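Asker: Enclosed is the structure file final_34.tsv (TSV, C-alpha atoms).
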chain	number	residue	atom	x	y	z
A	475	MET	CA	-135.41	131.02	128.80
A	476	THR	CA	-132.24	129.04	128.05
A	477	GLU	CA	-129.02	131.04	128.21
A	478	THR	CA	-127.38	131.23	124.80
A	479	THR	CA	-123.83	129.96	124.42
A	480	GLY	CA	-121.73	131.75	121.81
A	481	VAL	CA	-119.68	129.31	119.72
A	482	VAL	CA	-116.98	129.45	117.06
A	483	VAL	CA	-115.76	126.49	115.00
A	484	VAL	CA	-112.08	125.93	114.19
A	485	GLY	CA	-111.61	123.74	111.13
A	486	LEU	CA	-114.22	123.66	108.37
A	487	GLY	CA	-113.57	120.24	106.96
A	488	THR	CA	-116.40	117.79	106.49
A	489	THR	CA	-116.83	117.20	110.23
A	490	GLY	CA	-116.39	120.85	111.24
A	491	ILE	CA	-119.06	121.99	108.80
A	492	ALA	CA	-121.47	119.31	110.07
A	493	ILE	CA	-120.86	120.43	113.66
A	494	ALA	CA	-121.48	124.05	112.67
A	495	GLU	CA	-124.73	123.03	110.94
A	496	SER	CA	-125.91	121.27	114.10
A	497	LEU	CA	-125.15	124.33	116.24
A	498	VAL	CA	-127.01	126.71	113.93
A	499	SER	CA	-130.24	124.82	114.65
A	500	ARG	CA	-129.83	124.94	118.43
A	501	ARG	CA	-131.89	127.42	120.48
A	502	ASP	CA	-129.30	127.40	123.27
A	503	CYS	CA	-126.31	128.16	121.00
A	504	GLU	CA	-125.32	130.97	118.67
A	505	LEU	CA	-122.76	130.32	115.95
A	506	LEU	CA	-120.63	133.45	115.80
A	507	GLY	CA	-117.81	132.63	113.41
A	508	ALA	CA	-115.26	130.12	112.15
A	509	LEU	CA	-111.57	129.68	111.42
A	510	ASP	CA	-109.97	127.74	108.59
A	511	ILE	CA	-106.55	128.28	107.04
A	512	GLY	CA	-107.52	126.79	103.69
A	513	ALA	CA	-107.22	129.21	100.77
A	514	ASP	CA	-110.64	128.09	99.55
A	515	LYS	CA	-112.32	129.05	102.84
A	516	ALA	CA	-110.50	131.96	104.50
A	517	GLY	CA	-112.26	135.22	103.69
A	518	VAL	CA	-115.40	133.52	102.34
A	519	PRO	CA	-118.69	134.19	104.19
A	520	LEU	CA	-119.41	131.42	106.70
A	521	ALA	CA	-122.99	131.26	105.39
A	522	ASP	CA	-121.61	129.96	102.07
A	523	PHE	CA	-120.60	126.75	103.88
A	524	VAL	CA	-123.23	126.56	106.63
A	525	ALA	CA	-126.85	127.40	105.85
A	526	GLY	CA	-128.29	129.73	108.44
A	527	ALA	CA	-124.90	130.90	109.71
A	528	PRO	CA	-124.09	134.62	109.89
A	529	ARG	CA	-122.52	136.18	106.80
A	530	VAL	CA	-119.24	136.87	108.57
A	531	PRO	CA	-115.97	135.98	106.81
A	532	VAL	CA	-114.17	132.80	107.75
A	533	VAL	CA	-110.91	133.95	109.38
A	534	SER	CA	-107.43	132.44	109.27
A	535	SER	CA	-106.16	133.13	112.81
A	536	VAL	CA	-107.45	132.88	116.38
A	537	ALA	CA	-106.88	136.62	116.87
A	538	GLN	CA	-109.45	137.36	114.15
A	539	LEU	CA	-112.20	135.25	115.72
A	540	PRO	CA	-115.04	137.05	117.49
A	541	PRO	CA	-115.20	136.60	121.29
A	542	ALA	CA	-117.08	133.40	122.16
A	543	ASP	CA	-117.89	131.21	125.13
A	544	VAL	CA	-116.76	128.00	123.43
A	545	ALA	CA	-114.62	126.99	120.47
A	546	VAL	CA	-115.17	123.62	118.84
A	547	VAL	CA	-111.85	122.52	117.32
A	548	ALA	CA	-112.18	119.99	114.48
A	549	ALA	CA	-108.75	120.38	112.95
A	550	SER	CA	-106.44	117.43	113.72
A	551	SER	CA	-106.06	114.05	115.40
A	552	TRP	CA	-102.77	115.04	117.05
A	553	ILE	CA	-102.16	117.24	120.08
A	554	ASP	CA	-98.83	118.54	118.82
A	555	ALA	CA	-100.54	119.97	115.75
A	556	ILE	CA	-103.25	121.86	117.62
A	557	GLU	CA	-101.69	122.78	120.97
A	558	PRO	CA	-100.72	126.32	119.78
A	559	THR	CA	-104.30	126.89	118.60
A	560	LEU	CA	-105.75	125.56	121.85
A	561	ALA	CA	-103.39	127.74	123.88
A	562	ALA	CA	-104.34	130.85	121.88
A	563	LEU	CA	-108.05	130.15	122.39
A	564	ILE	CA	-107.60	129.54	126.11
A	565	ALA	CA	-105.59	132.75	126.49
A	566	ARG	CA	-108.61	134.62	125.08
A	567	GLY	CA	-110.82	133.13	127.78
A	568	THR	CA	-112.53	130.65	125.46
A	569	ASN	CA	-113.58	127.17	126.58
A	570	VAL	CA	-112.57	124.42	124.15
A	571	VAL	CA	-114.24	121.24	122.89
A	572	SER	CA	-112.01	119.24	120.54
A	573	ILE	CA	-112.50	116.05	118.57
A	574	CYS	CA	-108.72	115.49	118.51
A	575	GLU	CA	-108.45	111.80	119.36
A	576	GLU	CA	-105.26	112.22	121.37
A	577	LEU	CA	-106.98	114.81	123.57
A	578	ARG	CA	-109.54	112.29	124.86
A	579	ASP	CA	-107.27	110.83	127.53
A	580	PRO	CA	-103.70	111.77	126.63
A	581	THR	CA	-101.86	111.56	129.94
A	582	ARG	CA	-99.81	108.49	128.95
A	583	SER	CA	-98.30	109.93	125.77
A	584	HIS	CA	-98.77	113.69	126.18
A	585	ALA	CA	-98.64	114.36	129.89
A	586	GLN	CA	-96.56	117.52	129.48
A	587	ALA	CA	-98.92	119.01	126.91
A	588	VAL	CA	-101.88	118.24	129.16
A	589	ALA	CA	-100.14	119.87	132.11
A	590	ARG	CA	-99.51	123.01	130.06
A	591	LEU	CA	-103.10	123.17	128.85
A	592	ASP	CA	-104.47	122.46	132.32
A	593	ARG	CA	-102.35	125.18	133.91
A	594	LEU	CA	-103.27	127.75	131.24
A	595	ALA	CA	-106.98	126.89	131.39
A	596	ARG	CA	-107.04	127.28	135.17
A	597	GLU	CA	-105.28	130.64	134.89
A	598	HIS	CA	-107.94	131.90	132.49
A	599	GLY	CA	-110.93	130.25	134.16
A	600	VAL	CA	-111.93	128.02	131.23
A	601	SER	CA	-112.04	124.29	130.53
A	602	VAL	CA	-110.72	122.02	127.76
A	603	LEU	CA	-112.44	118.78	126.76
A	604	GLY	CA	-111.52	116.11	124.22
A	605	THR	CA	-114.48	114.06	123.03
A	606	GLY	CA	-115.98	112.25	120.09
A	607	CYS	CA	-117.65	109.02	119.11
A	608	ASN	CA	-114.52	106.89	119.31
A	609	PRO	CA	-112.60	107.66	121.45
A	610	GLY	CA	-115.05	109.49	123.66
A	611	MET	CA	-118.07	107.22	123.95
A	612	LEU	CA	-118.32	103.83	122.28
A	613	MET	CA	-115.07	102.21	123.38
A	614	ASP	CA	-114.59	103.89	126.74
A	615	THR	CA	-117.42	105.90	128.33
A	616	LEU	CA	-120.21	103.50	127.35
A	617	PRO	CA	-118.41	100.40	128.74
A	618	LEU	CA	-117.60	102.32	131.93
A	619	VAL	CA	-121.24	103.26	132.45
A	620	LEU	CA	-122.42	99.70	131.77
A	621	SER	CA	-119.80	98.31	134.17
A	622	GLY	CA	-121.94	99.73	136.96
A	623	LEU	CA	-124.27	96.77	136.40
A	624	THR	CA	-121.73	94.26	137.67
A	625	LEU	CA	-119.85	94.02	140.97
A	626	GLY	CA	-116.54	93.37	139.26
A	627	VAL	CA	-115.34	93.43	135.66
A	628	GLU	CA	-112.91	90.76	134.49
A	629	ARG	CA	-112.69	91.54	130.78
A	630	VAL	CA	-113.92	94.12	128.25
A	631	SER	CA	-114.19	93.56	124.52
A	632	VAL	CA	-115.50	96.03	121.94
A	633	ARG	CA	-115.65	95.47	118.19
A	634	ARG	CA	-116.90	97.90	115.57
A	635	THR	CA	-117.41	98.17	111.83
A	636	ALA	CA	-117.23	101.87	111.01
A	637	ASP	CA	-118.64	103.18	107.73
A	638	MET	CA	-116.34	106.02	106.66
A	639	SER	CA	-118.27	107.09	103.56
A	640	ARG	CA	-119.23	110.48	105.04
A	641	TYR	CA	-115.69	111.49	105.99
A	642	GLY	CA	-113.24	113.61	104.02
A	643	ALA	CA	-109.56	114.34	104.70
A	644	ILE	CA	-109.43	112.00	107.71
A	645	LEU	CA	-109.48	109.03	105.31
A	646	LYS	CA	-105.81	109.58	104.44
A	647	LYS	CA	-104.61	108.15	107.74
A	648	PHE	CA	-106.49	104.90	107.03
A	649	GLY	CA	-104.97	104.35	103.59
A	650	LEU	CA	-108.31	103.83	101.89
A	651	GLY	CA	-108.04	104.05	98.10
A	652	LEU	CA	-104.38	102.99	97.98
A	653	THR	CA	-103.19	99.92	96.13
A	654	PRO	CA	-101.98	97.12	98.42
A	655	ALA	CA	-98.33	97.97	97.62
A	656	GLU	CA	-98.91	101.68	98.24
A	657	PHE	CA	-100.68	100.89	101.49
A	658	ASP	CA	-97.80	98.77	102.79
A	659	THR	CA	-95.23	101.43	101.81
A	660	GLU	CA	-97.18	104.26	103.42
A	661	ARG	CA	-97.84	102.25	106.58
A	662	ASP	CA	-94.16	101.36	106.92
A	663	ALA	CA	-93.35	105.08	106.59
A	664	ASP	CA	-95.90	105.95	109.33
A	665	ARG	CA	-98.02	107.94	106.89
A	666	VAL	CA	-100.85	105.42	107.21
A	667	MET	CA	-101.50	104.71	110.88
A	668	GLY	CA	-105.15	103.73	111.08
A	669	HIS	CA	-107.15	104.71	114.13
A	670	VAL	CA	-105.71	107.30	116.49
A	671	GLY	CA	-107.21	106.89	119.94
A	672	PHE	CA	-106.99	103.25	120.99
A	673	ALA	CA	-104.46	104.03	123.71
A	674	GLN	CA	-106.68	106.86	124.95
A	675	SER	CA	-109.78	104.66	125.13
A	676	ILE	CA	-107.90	101.85	126.88
A	677	GLY	CA	-106.31	104.30	129.32
A	678	ALA	CA	-109.68	105.85	130.18
A	679	LEU	CA	-111.27	102.43	130.67
A	680	ALA	CA	-108.45	101.17	132.86
A	681	ARG	CA	-108.47	104.29	135.02
A	682	GLY	CA	-112.23	104.07	135.51
A	683	LEU	CA	-112.04	100.39	136.42
A	684	GLU	CA	-109.02	101.04	138.68
A	685	TRP	CA	-106.80	98.68	136.74
A	686	GLU	CA	-103.03	99.25	136.69
A	687	LEU	CA	-102.24	97.85	133.27
A	688	ASP	CA	-98.90	96.27	132.46
A	689	ALA	CA	-98.97	97.62	128.92
A	690	ILE	CA	-101.12	98.89	126.07
A	691	GLU	CA	-100.47	97.22	122.70
A	692	VAL	CA	-101.65	98.80	119.43
A	693	ASP	CA	-101.11	96.59	116.39
A	694	PRO	CA	-100.13	97.97	112.97
A	695	VAL	CA	-103.22	98.64	110.89
A	696	GLU	CA	-104.03	95.84	108.41
A	697	ARG	CA	-105.59	96.10	104.98
A	698	ASN	CA	-108.74	94.07	105.30
A	699	LEU	CA	-110.59	94.29	101.99
A	700	ILE	CA	-109.66	95.12	98.40
A	701	ALA	CA	-112.45	96.59	96.27
A	702	GLU	CA	-113.43	94.41	93.32
A	703	THR	CA	-115.35	97.28	91.72
A	704	GLU	CA	-115.32	101.05	92.14
A	705	ARG	CA	-117.21	102.44	95.13
A	706	LYS	CA	-117.85	106.02	96.17
A	707	GLY	CA	-118.01	107.89	99.44
A	708	GLN	CA	-119.35	111.41	99.73
A	709	HIS	CA	-115.85	112.88	99.42
A	710	THR	CA	-113.71	110.14	97.87
A	711	VAL	CA	-113.69	107.37	95.29
A	712	ILE	CA	-112.30	103.90	95.98
A	713	ALA	CA	-111.07	102.47	92.70
A	714	ALA	CA	-111.22	98.78	91.89
A	715	GLY	CA	-108.09	97.03	93.13
A	716	THR	CA	-107.48	99.45	96.01
A	717	VAL	CA	-107.98	99.21	99.76
A	718	ALA	CA	-111.65	99.58	100.72
A	719	SER	CA	-111.42	98.51	104.38
A	720	VAL	CA	-108.79	98.23	107.10
A	721	LEU	CA	-108.74	96.36	110.40
A	722	HIS	CA	-107.11	97.84	113.48
A	723	ARG	CA	-106.74	96.18	116.89
A	724	ALA	CA	-105.42	97.04	120.34
A	725	ARG	CA	-105.42	95.61	123.84
A	726	GLY	CA	-104.63	96.40	127.44
A	727	LEU	CA	-102.66	93.78	129.40
A	728	LEU	CA	-103.01	93.03	133.09
A	729	GLN	CA	-100.73	90.39	134.65
A	730	GLY	CA	-99.79	89.39	131.14
A	731	LYS	CA	-103.37	88.75	130.00
A	732	PRO	CA	-105.52	90.89	127.65
A	733	VAL	CA	-108.32	92.36	129.79
A	734	ILE	CA	-109.33	95.08	127.31
A	735	GLU	CA	-109.60	94.17	123.63
A	736	LEU	CA	-110.65	96.69	120.98
A	737	ALA	CA	-111.02	96.12	117.24
A	738	THR	CA	-112.49	98.22	114.46
A	739	ARG	CA	-112.92	97.82	110.73
A	740	PHE	CA	-112.89	101.17	108.95
A	741	GLY	CA	-114.01	101.30	105.34
A	742	ILE	CA	-116.34	102.22	102.56
A	743	PHE	CA	-118.37	99.06	102.24
A	744	GLY	CA	-120.46	97.42	99.56
A	745	PRO	CA	-123.58	95.37	100.29
A	746	ASP	CA	-121.87	92.08	99.47
A	747	ASP	CA	-118.57	92.64	101.26
A	748	PRO	CA	-117.54	89.61	103.38
A	749	VAL	CA	-117.03	91.59	106.59
A	750	GLU	CA	-118.73	91.34	109.96
A	751	ARG	CA	-121.22	94.20	110.30
A	752	GLY	CA	-122.50	96.03	113.33
A	753	ASP	CA	-121.01	96.86	116.70
A	754	GLY	CA	-120.67	94.70	119.78
A	755	LEU	CA	-119.69	95.27	123.40
A	756	LEU	CA	-118.94	92.52	125.91
A	757	LEU	CA	-118.34	93.02	129.64
A	758	VAL	CA	-117.46	89.82	131.47
A	759	GLY	CA	-118.30	90.35	135.13
A	760	ARG	CA	-117.88	88.19	138.19
A	761	GLU	CA	-121.55	87.42	138.55
A	762	GLN	CA	-122.95	88.26	135.10
A	763	THR	CA	-121.92	89.00	131.53
A	764	ILE	CA	-123.24	92.15	129.88
A	765	GLU	CA	-123.50	92.07	126.11
A	766	VAL	CA	-124.72	94.80	123.77
A	767	ALA	CA	-125.12	94.08	120.06
A	768	VAL	CA	-126.05	96.75	117.51
A	769	PRO	CA	-126.60	94.94	114.18
A	770	GLY	CA	-126.56	98.09	112.08
A	771	GLY	CA	-123.74	99.65	114.05
A	772	PHE	CA	-123.45	103.18	115.37
A	773	GLU	CA	-123.07	105.76	112.59
A	774	SER	CA	-119.56	107.06	113.29
A	775	PHE	CA	-119.73	110.40	111.51
A	776	LEU	CA	-123.10	111.47	112.92
A	777	SER	CA	-122.13	110.19	116.38
A	778	THR	CA	-118.92	112.26	116.37
A	779	VAL	CA	-120.82	115.37	115.32
A	780	ALA	CA	-123.42	114.77	118.03
A	781	MET	CA	-120.86	114.17	120.79
A	782	ALA	CA	-119.01	117.39	119.99
A	783	SER	CA	-122.18	119.46	119.64
A	784	ASN	CA	-123.78	118.13	122.81
A	785	ALA	CA	-120.60	118.84	124.79
A	786	VAL	CA	-120.62	122.58	124.00
A	787	THR	CA	-122.82	123.68	126.88
A	788	ALA	CA	-121.23	121.08	129.18
A	789	VAL	CA	-117.75	122.48	128.72
A	790	ALA	CA	-119.03	126.03	129.15
A	791	GLY	CA	-120.27	125.09	132.62
A	792	ALA	CA	-117.38	122.83	133.66
A	793	MET	CA	-114.77	123.56	136.29
A	794	PRO	CA	-111.67	125.27	134.85
A	795	GLY	CA	-108.82	123.09	133.65
A	796	PHE	CA	-108.26	120.05	131.46
A	797	ARG	CA	-111.30	117.78	131.64
A	798	THR	CA	-112.27	114.31	130.50
A	799	ILE	CA	-115.81	113.09	129.94
A	800	GLU	CA	-115.75	111.29	133.29
A	801	ASP	CA	-115.44	114.68	135.01
A	802	LEU	CA	-118.82	115.78	133.66
A	803	PRO	CA	-122.31	114.77	134.83
A	804	VAL	CA	-124.20	112.49	132.46
A	805	GLY	CA	-127.00	115.02	132.11
A	806	ALA	CA	-124.57	117.66	130.87
A	807	LEU	CA	-123.67	115.46	127.89
A	808	ALA	CA	-127.22	114.38	127.07
A	809	SER	CA	-128.66	115.16	123.64
A	810	LYS	CA	-129.86	118.73	123.34
A	811	GLY	CA	-133.27	118.49	121.70
A	812	ALA	CA	-134.19	122.17	121.88
A	813	ARG	CA	-134.05	123.10	118.22
A	814	ARG	CA	-135.23	126.25	116.53
A	815	GLY	CA	-138.76	125.76	115.31
A	816	LEU	CA	-139.07	122.29	116.86
A	817	ARG	CA	-142.03	121.47	119.09
A	818	PHE	CA	-142.66	118.30	121.03
A	819	CYS	CA	-146.17	116.95	121.62
As structure tokens, how would this structure be written, given the file I've shared?
Answerer:
Amino acid sequence: MTETTGVVVVGLGTTGIAIAESLVSRRDCELLGALDIGADKAGVPLADFVAGAPRVPVVSSVAQLPPADVAVVAASSWIDAIEPTLAALIARGTNVVSICEELRDPTRSHAQAVARLDRLAREHGVSVLGTGCNPGMLMDTLPLVLSGLTLGVERVSVRRTADMSRYGAILKKFGLGLTPAEFDTERDADRVMGHVGFAQSIGALARGLEWELDAIEVDPVERNLIAETERKGQHTVIAAGTVASVLHRARGLLQGKPVIELATRFGIFGPDDPVERGDGLLLVGREQTIEVAVPGGFESFLSTVAMASNAVTAVAGAMPGFRTIEDLPVGALASKGARRGLRFC
């Protein structure tokens, strides 16, 4: 029999609900409750948002959550915004998995916050993990794993085209649906910032490859495509004449040369859009070049949900303290196929 891990979800936006739905189907997990401060969710039975979940009310504070082994936090991209929530969960003896992009590998920009979380987690015997599709896997962990196929890496390049049609509130930071003038104004005011996590992915890659980078450069996000006709995502509408896709790029420099180059288009795309599709990864090694091309691309939303869900039992069994994915065995992060009612031949 597989030991059951009790889980609560913090943040019932589009991604949080999808994570909760994935956990409900797991035989090794039990969804116990959820937290959301939204007036349209707090006090409403969790089962109204997640089929198969218990009919317990969604609460509005950590203190109201039921005791659990793990909390999955899907509430923000920024550490400063969620550190009080993480600290309150840790103080209750709850392990934490978060899809906060800055939590993936935040030592460069948030070393003090990491030190506080690490110290508190060790005191309470729990662990904290930041993960996701990107950062978390596609632009950092996957290249690191593949680098084991060469005796020395000279350059890493990853490019993605990410379909954002399944996402909700997160789209605001990309500026999708704004007119070009609105986009430029909001970007200049730092209200449109594009992808959060490039620095974390580059930092994780460099540390794994034992590179002491000179600098990490993250370019301003660029509007890449203006919609000629209206297009719809699951939670937003992109009007004709507004931004449908953005391009964001970053790089890590070593001895003045770019040795890590990352680029992603984020958008809600039409079938005839003149943009490069799919995902590609290039590792230039001393004795061979490793190239991975995925013509259809990795599905960003589903991949993020899967990474967070699959990490639940891993973080429950991890050593106390602040953890990164590299601290965990590969098997602990593997897909958990044991679903309720599912049988394999």
Asker: Can you tell me, as a PyMOL selection string, what residues are no more than 9 Å from stretch 736-746 of chain A when counting all atoms listed in the file, ignoring any on the same chain fewer than 4 positions away?
Answerer: chain A and resi 613+630-639+645+648+650+668-669+672+676+698-699+701+705-707+712+717-726+750+753
Asker: I'd like the contact shell of A:Gly485 - 6 Å cut-off, all atoms listed in the file, skipping same-chain residues fewer than 2 positions apart - returned as a ChimeraX atom specification.
Answerer: /A:487,490,509-510,548-549
Asker: Generate the output file for the selected residues, C-alpha atoms, as a compact mmCIF listing (two decimals), keeping the file's coordinate frame.
Answerer:
# COMPACT_ATOMS: atom_id res chain seq x y z
CA GLY A 487 -113.57 120.24 106.96
CA GLY A 490 -116.39 120.85 111.24
CA LEU A 509 -111.57 129.68 111.42
CA ASP A 510 -109.97 127.74 108.59
CA ALA A 548 -112.18 119.99 114.48
CA ALA A 549 -108.75 120.38 112.95
Asker: How many Å separate atom CA of A:Glu504 from atom CA of A:Ala643?
Answerer: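 These two atoms are separated by 26.8 Å.
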Asker: Measuring between all atoms listed in the file, which one of A:Ala492, A:Leu486, A:Val547, A:Ala655 shows the shortest distance to A:Val533?
Answerer: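 Going through A:Ala492, A:Leu486, A:Val547, A:Ala655 one by one, the smallest distance to A:Val533 is for A:Leu486.
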Asker: So, counting all atoms listed in the file, which residue among A:Phe523, A:Glu735, A:Asp658, A:Ala663 is closest to A:Glu691?
Answerer: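 That would be A:Glu735, the residue with the smallest distance to A:Glu691.
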Asker: Counting all atoms listed in the file, which of A:Glu656, A:Asp614, A:Glu704, A:Asp579 gets nearest to A:Leu679?
Answerer: A:Asp614
